[in-house]
Amino acid sequence: MSTDTTNTGAPRARYRAMHARHLDQVLADRAGFDEAERRRSAAVAAVFPFRTNQYVVDELIDWSAVPEDPMYRLVFPQPGMLSPADLERMEQLIAEGADDTRVRMAANEIRWRLNPHPSGQTDENAPALDGVTLPGLQHKYAETMLVFPKQGQTCHAYCAYCFRWPQFIGEPELKIATDDVAAMTAYLAAHPEITSVLITGGDALIMNTAVLRRYIEPLLSIDSVESVRLGTKALSYWPYRVLSDPDSDDLLRLFAQVVTAGKQLALMAHYSHPVELSTDASRQAVARVNSTGAVIRAQAPLIRGVNDNAMAWAQMWRDLTRLSVVPYYMFVERDTGPQGYFAVPLARCWEIFRDAYAEVSGLARTVRGPVMSAHPGKVCVDGVTEIAGEKVFALRMLQARNPDLVGRPFFANYDPDAIWLTDLKPALGQATLLPGMEVS
Ligand SMILES: *Cc1c(COP(=O)(O)O)cnc(C)c1O
């Protein structure tokens, strides 16, 4: 951990990002990887974004357990994220010392095959005002609008499976972002049905407080906005963001200001594994946010090799509940990027959810899942059951493009290998999964 001792004499952690160019050194020093192993990691990092920091490396990863360690698998490139053919091709280019252009062209060819923007992300969710499309905003569900601030499109560390990975590869045509605060407020004024604004990315807390304030303050005078949400993994990957960064105190004042304005400030915190709550800094960070009147809600996808066991979830939900953080969603890994490597079948997701849910008190059962954030909306796998001798998945829409579908139960044929909504077939002699729902 890099610290300095200016001013007060108390150690203060300073953020230092680690990129692909640091990968070789870290893997040699910390993991003891040989050259071939390091080249495989570099090959994957040439296709998918890699970024971490000293806190993750020193405090969250147990290097004696690498490569099985869950936090290592969450953050560092894994050879299995590429198909054997793609891995070999990228390794070959690196071994040859190919120039950046050739590496980038090969990487892009692979990326375009990996469904970079699933669920109609770039086109179907983009709103328009007076016939002009507003990039960097998404309005998929009537009551919620997403804002992707231009300055917020990175994170303190990247998750290997990240479903927003195209935001981070430096290809502008794949990026969703805006810095047009006036367009955001004009759209909200024209759409009083929007009660919740979710600032996301990337990570909303990667922005310094002055920039974040430019997006948040105009929302405070819009009466129809009831809540401001900030999508973030900072509490896990860089808890010092709310403890001791140069503008941490100002950030907490901004949170309190939202609460004073009569709106909920919700930190939609991404917590993947209980080890993220094991450090003093992580727990102090939660306490500090709570002291402002903001609410922290916890969500994460279920990822193979990271958190695909009920014990990890039960422990995490308990630890969160102790800290007054509200468990919110357990997601299913999305149909993009290295999904083939990280996905857990829906049937198994549900077993893990159920087993963990059974272990926690009612206070933690605010969590819903496993949830697919799919093209028609958020689909919850309520369970596996039998109806009239037929084994089926029971499902329900928690959110929908078409508001008529919210809360509607439906059934699909049981399939132990299904990993996404598009794998499911109607059950019980029905023609469609749910009338009015367009799956793809
Ligand atoms: C999850 C999500 C939301 C928020 O949905 P809630 O159920 O209100 O948490 C909004 N927009 C998109 C695109 C989402 O995926």
# chains A, B, ... in the order shown; residues from 1 in each chain; ligands from 1
>>> residues_near_ligand(ligand="ligand 1", cutoff="6 Å", atoms="only C-alpha atoms and all ligand atoms", output="VMD selection string")
chain A and resid 140 to 141 144 373 399
>>> select_by_dssp(residues="region 88-151 of chain A", states="strand (DSSP E)", output="MDAnalysis selection string")
chainID A and resid 128:129 132:133 137:141 144:147
>>> residues_around(residues="Ala431 (chain A)", least_positions_apart="5", cutoff="12 Å", atoms="only C-alpha atoms", output="PyMOL selection string")
chain A and resi 411-412+425-426+436-437
>>> write_last_selection(atoms="all heavy atoms", output="PDB file, in the first residue's frame")
ATOM      1  N   PHE A 411     -43.542 -19.159 -17.495  1.00  0.00           N
ATOM      2  CA  PHE A 411     -42.840 -20.441 -17.333  1.00  0.00           C
ATOM      3  C   PHE A 411     -42.039 -20.764 -18.580  1.00  0.00           C
ATOM      4  O   PHE A 411     -42.397 -20.368 -19.687  1.00  0.00           O
ATOM      5  CB  PHE A 411     -43.848 -21.561 -17.049  1.00  0.00           C
ATOM      6  CG  PHE A 411     -44.618 -21.329 -15.780  1.00  0.00           C
ATOM      7  CD1 PHE A 411     -45.878 -20.709 -15.815  1.00  0.00           C
ATOM      8  CD2 PHE A 411     -44.094 -21.684 -14.555  1.00  0.00           C
ATOM      9  CE1 PHE A 411     -46.575 -20.461 -14.640  1.00  0.00           C
ATOM     10  CE2 PHE A 411     -44.783 -21.432 -13.371  1.00  0.00           C
ATOM     11  CZ  PHE A 411     -46.035 -20.818 -13.415  1.00  0.00           C
ATOM     12  N   ALA A 412     -40.952 -21.504 -18.371  1.00  0.00           N
ATOM     13  CA  ALA A 412     -40.152 -21.979 -19.506  1.00  0.00           C
ATOM     14  C   ALA A 412     -39.781 -23.425 -19.238  1.00  0.00           C
ATOM     15  O   ALA A 412     -39.713 -23.855 -18.074  1.00  0.00           O
ATOM     16  CB  ALA A 412     -38.886 -21.131 -19.658  1.00  0.00           C
ATOM     17  N   LYS A 425     -37.271 -21.916 -23.733  1.00  0.00           N
ATOM     18  CA  LYS A 425     -38.397 -22.256 -24.618  1.00  0.00           C
ATOM     19  C   LYS A 425     -39.680 -22.254 -23.807  1.00  0.00           C
ATOM     20  O   LYS A 425     -39.675 -22.636 -22.630  1.00  0.00           O
ATOM     21  CB  LYS A 425     -38.183 -23.655 -25.209  1.00  0.00           C
ATOM     22  CG  LYS A 425     -36.863 -23.859 -25.945  1.00  0.00           C
ATOM     23  CD  LYS A 425     -36.926 -23.310 -27.368  1.00  0.00           C
ATOM     24  CE  LYS A 425     -35.611 -23.494 -28.122  1.00  0.00           C
ATOM     25  NZ  LYS A 425     -34.474 -22.744 -27.528  1.00  0.00           N
ATOM     26  N   PRO A 426     -40.795 -21.842 -24.445  1.00  0.00           N
ATOM     27  CA  PRO A 426     -42.076 -21.841 -23.728  1.00  0.00           C
ATOM     28  C   PRO A 426     -42.425 -23.231 -23.189  1.00  0.00           C
ATOM     29  O   PRO A 426     -42.091 -24.238 -23.806  1.00  0.00           O
ATOM     30  CB  PRO A 426     -43.083 -21.413 -24.801  1.00  0.00           C
ATOM     31  CG  PRO A 426     -42.283 -20.821 -25.908  1.00  0.00           C
ATOM     32  CD  PRO A 426     -40.919 -21.418 -25.840  1.00  0.00           C
ATOM     33  N   GLY A 436     -46.490 -10.529 -25.468  1.00  0.00           N
ATOM     34  CA  GLY A 436     -46.078  -9.123 -25.390  1.00  0.00           C
ATOM     35  C   GLY A 436     -44.618  -8.939 -25.096  1.00  0.00           C
ATOM     36  O   GLY A 436     -44.105  -7.819 -25.167  1.00  0.00           O
ATOM     37  N   MET A 437     -43.901 -10.012 -24.774  1.00  0.00           N
ATOM     38  CA  MET A 437     -42.477  -9.898 -24.481  1.00  0.00           C
ATOM     39  C   MET A 437     -41.667 -10.296 -25.704  1.00  0.00           C
ATOM     40  O   MET A 437     -41.844 -11.386 -26.227  1.00  0.00           O
ATOM     41  CB  MET A 437     -42.074 -10.813 -23.306  1.00  0.00           C
ATOM     42  CG  MET A 437     -40.598 -10.724 -22.983  1.00  0.00           C
ATOM     43  SD  MET A 437     -40.148 -11.670 -21.496  1.00  0.00           S
ATOM     44  CE  MET A 437     -39.948 -13.289 -22.187  1.00  0.00           C
TER      45      MET A 437
END
>>> residues_around(residues="Leu252 (chain A)", least_positions_apart="3", cutoff="7 Å", atoms="only C-alpha atoms", output="MDAnalysis selection string")
chainID A and resid 248:249 255:256 289 292
>>> write_last_selection(atoms="N, CA and C atoms", output="PDB file, in the first residue's frame")
ATOM      1  N   SER A 248     -12.690  13.874  -0.527  1.00  0.00           N
ATOM      2  CA  SER A 248     -13.649  12.957   0.124  1.00  0.00           C
ATOM      3  C   SER A 248     -14.675  13.709   0.971  1.00  0.00           C
ATOM      4  N   ASP A 249     -14.206  14.685   1.739  1.00  0.00           N
ATOM      5  CA  ASP A 249     -15.136  15.398   2.628  1.00  0.00           C
ATOM      6  C   ASP A 249     -16.188  16.140   1.816  1.00  0.00           C
ATOM      7  N   PHE A 255     -23.374  14.233  -0.886  1.00  0.00           N
ATOM      8  CA  PHE A 255     -24.375  13.206  -0.557  1.00  0.00           C
ATOM      9  C   PHE A 255     -25.421  13.790   0.400  1.00  0.00           C
ATOM     10  N   ALA A 256     -24.928  14.453   1.443  1.00  0.00           N
ATOM     11  CA  ALA A 256     -25.835  15.009   2.452  1.00  0.00           C
ATOM     12  C   ALA A 256     -26.750  16.070   1.839  1.00  0.00           C
ATOM     13  N   VAL A 289     -20.350   6.767   4.609  1.00  0.00           N
ATOM     14  CA  VAL A 289     -21.445   7.064   3.676  1.00  0.00           C
ATOM     15  C   VAL A 289     -22.775   7.058   4.436  1.00  0.00           C
ATOM     16  N   THR A 292     -24.087  10.168   6.192  1.00  0.00           N
ATOM     17  CA  THR A 292     -24.613  11.307   5.433  1.00  0.00           C
ATOM     18  C   THR A 292     -26.120  11.203   5.209  1.00  0.00           C
TER      19      THR A 292
END
>>> residues_around(residues="Phe393 (chain A)", least_positions_apart="3", cutoff="8 Å", atoms="only C-alpha atoms", output="compact mmCIF listing (two decimals) with N, CA and C atoms, in the first residue's frame")
# COMPACT_ATOMS: atom_id res chain seq x y z
N VAL A 381 -35.40 -15.34 -12.10
CA VAL A 381 -35.65 -16.79 -12.07
C VAL A 381 -36.16 -17.11 -10.67
N ASP A 382 -37.49 -17.28 -10.55
CA ASP A 382 -38.06 -17.53 -9.22
C ASP A 382 -37.79 -18.95 -8.75
N GLY A 383 -37.58 -19.88 -9.69
CA GLY A 383 -37.24 -21.22 -9.24
C GLY A 383 -37.51 -22.27 -10.27
N VAL A 384 -37.22 -23.51 -9.87
CA VAL A 384 -37.49 -24.67 -10.71
C VAL A 384 -38.59 -25.44 -10.00
N THR A 385 -39.62 -25.79 -10.76
CA THR A 385 -40.72 -26.53 -10.13
C THR A 385 -41.35 -27.47 -11.16
N PHE A 411 -43.54 -19.16 -17.50
CA PHE A 411 -42.84 -20.44 -17.33
C PHE A 411 -42.04 -20.76 -18.58
N ALA A 412 -40.95 -21.50 -18.37
CA ALA A 412 -40.15 -21.98 -19.51
C ALA A 412 -39.78 -23.42 -19.24
N ASN A 413 -39.52 -24.16 -20.31
CA ASN A 413 -39.04 -25.53 -20.16
C ASN A 413 -37.78 -25.54 -19.32
N TYR A 414 -37.70 -26.49 -18.41
CA TYR A 414 -36.47 -26.64 -17.65
C TYR A 414 -35.35 -27.08 -18.59
>>> atom_distance(atom1="CA of Val47 (chain A)", atom2="CA of Ile169 (chain A)")
8.3 Å
>>> closest_residue(among="A:Met105, A:Cys155, A:Leu27, A:Thr52", to="Arg89 (chain A)", atoms="only C-alpha atoms")
A:Met105
>>> select_by_dssp(residues="region 113-307 of chain A", states="helix (DSSP H, G or I)", output="JSON, numbers by chain")
{"A": [150, 151, 152, 165, 166, 167, 168, 172, 173, 174, 181, 182, 183, 184, 185, 186, 187, 188, 189, 190, 204, 205, 206, 209, 210, 211, 212, 213, 214, 215, 216, 217, 218, 219, 220, 234, 235, 236, 237, 239, 240, 241, 248, 249, 250, 251, 252, 253, 254, 255, 256, 257, 258, 259, 260, 274, 275, 276, 277, 280, 281, 282, 283, 284, 285, 286, 287, 288, 289, 290]}
>>> residues_around(residues="Ala261 (chain A)", least_positions_apart="5", cutoff="10 Å", atoms="only C-alpha atoms", output="PyMOL selection string")
chain A and resi 217+219-221+223+226+256
>>> residues_around(residues="Ile94 (chain A)", least_positions_apart="6", cutoff="9 Å", atoms="only C-alpha atoms", output="JSON list (two decimals) with N, CA, C and O atoms, in the first residue's frame")
[["chain", "number", "residue", "atom", "x", "y", "z"],
["A", 39, "ARG", "N", 2.65, -14.59, -20.65],
["A", 39, "ARG", "CA", 2.27, -14.26, -22.03],
["A", 39, "ARG", "C", 0.78, -14.55, -22.27],
["A", 39, "ARG", "O", 0.10, -13.80, -22.95],
["A", 42, "ALA", "N", -1.09, -11.70, -20.79],
["A", 42, "ALA", "CA", -0.93, -10.51, -21.63],
["A", 42, "ALA", "C", -1.81, -10.61, -22.88],
["A", 42, "ALA", "O", -2.38, -9.61, -23.33],
["A", 43, "ALA", "N", -1.94, -11.82, -23.43],
["A", 43, "ALA", "CA", -2.76, -12.03, -24.63],
["A", 43, "ALA", "C", -4.21, -11.67, -24.33],
["A", 43, "ALA", "O", -4.89, -11.02, -25.13],
["A", 103, "VAL", "N", -1.72, -5.68, -33.24],
["A", 103, "VAL", "CA", -2.33, -6.27, -32.04],
["A", 103, "VAL", "C", -3.76, -5.74, -31.88],
["A", 103, "VAL", "O", -4.70, -6.49, -31.63]]
>>> closest_residue(among="A:Val295, A:Val367, A:Val306, A:Leu235", to="Asp280 (chain A)", atoms="only C-alpha atoms")
A:Leu235
>>> closest_residue(among="A:Tyr72, A:Tyr15, A:Phe410, A:Phe48", to="Phe168 (chain A)", atoms="only C-alpha atoms")
A:Phe48
>>> closest_residue(among="A:Tyr161, A:Trp350, A:Tyr328, A:Tyr240", to="Arg288 (chain A)", atoms="only C-alpha atoms")
A:Tyr240
>>> closest_atom_pairs(of="region 323-412 of chain A", to="region 107-120 of chain A", cutoff="6 Å", atoms="only C-alpha atoms", output="tab-separated table")
residue	atom	partner	partner_atom	distance
A:Thr336	CA	A:Asn115	CA	5.1
A:Gly337	CA	A:Leu114	CA	4.9
A:Ala374	CA	A:Ser119	CA	5.6
A:His375	CA	A:Ser119	CA	4.1
>>> write_last_selection(atoms="N, CA, C and O atoms", output="compact mmCIF listing (two decimals), in the first residue's frame")
# COMPACT_ATOMS: atom_id res chain seq x y z
N THR A 336 -22.42 -11.18 -23.14
CA THR A 336 -21.45 -10.36 -23.85
C THR A 336 -20.04 -10.75 -23.42
O THR A 336 -19.86 -11.38 -22.37
N GLY A 337 -19.04 -10.36 -24.21
CA GLY A 337 -17.65 -10.57 -23.85
C GLY A 337 -17.36 -12.03 -23.51
O GLY A 337 -17.82 -12.94 -24.19
N ALA A 374 -32.10 -8.29 -19.36
CA ALA A 374 -32.16 -8.73 -20.76
C ALA A 374 -32.87 -7.69 -21.61
O ALA A 374 -33.33 -6.65 -21.11
N HIS A 375 -32.99 -7.97 -22.90
CA HIS A 375 -33.57 -7.01 -23.83
C HIS A 375 -34.98 -6.55 -23.42
O HIS A 375 -35.25 -5.35 -23.36
>>> atom_distance(atom1="CA of Val57 (chain A)", atom2="CA of Arg241 (chain A)")
16.7 Å
>>> atom_distance(atom1="CA of Asn125 (chain A)", atom2="CA of Gln138 (chain A)")
5.0 Å
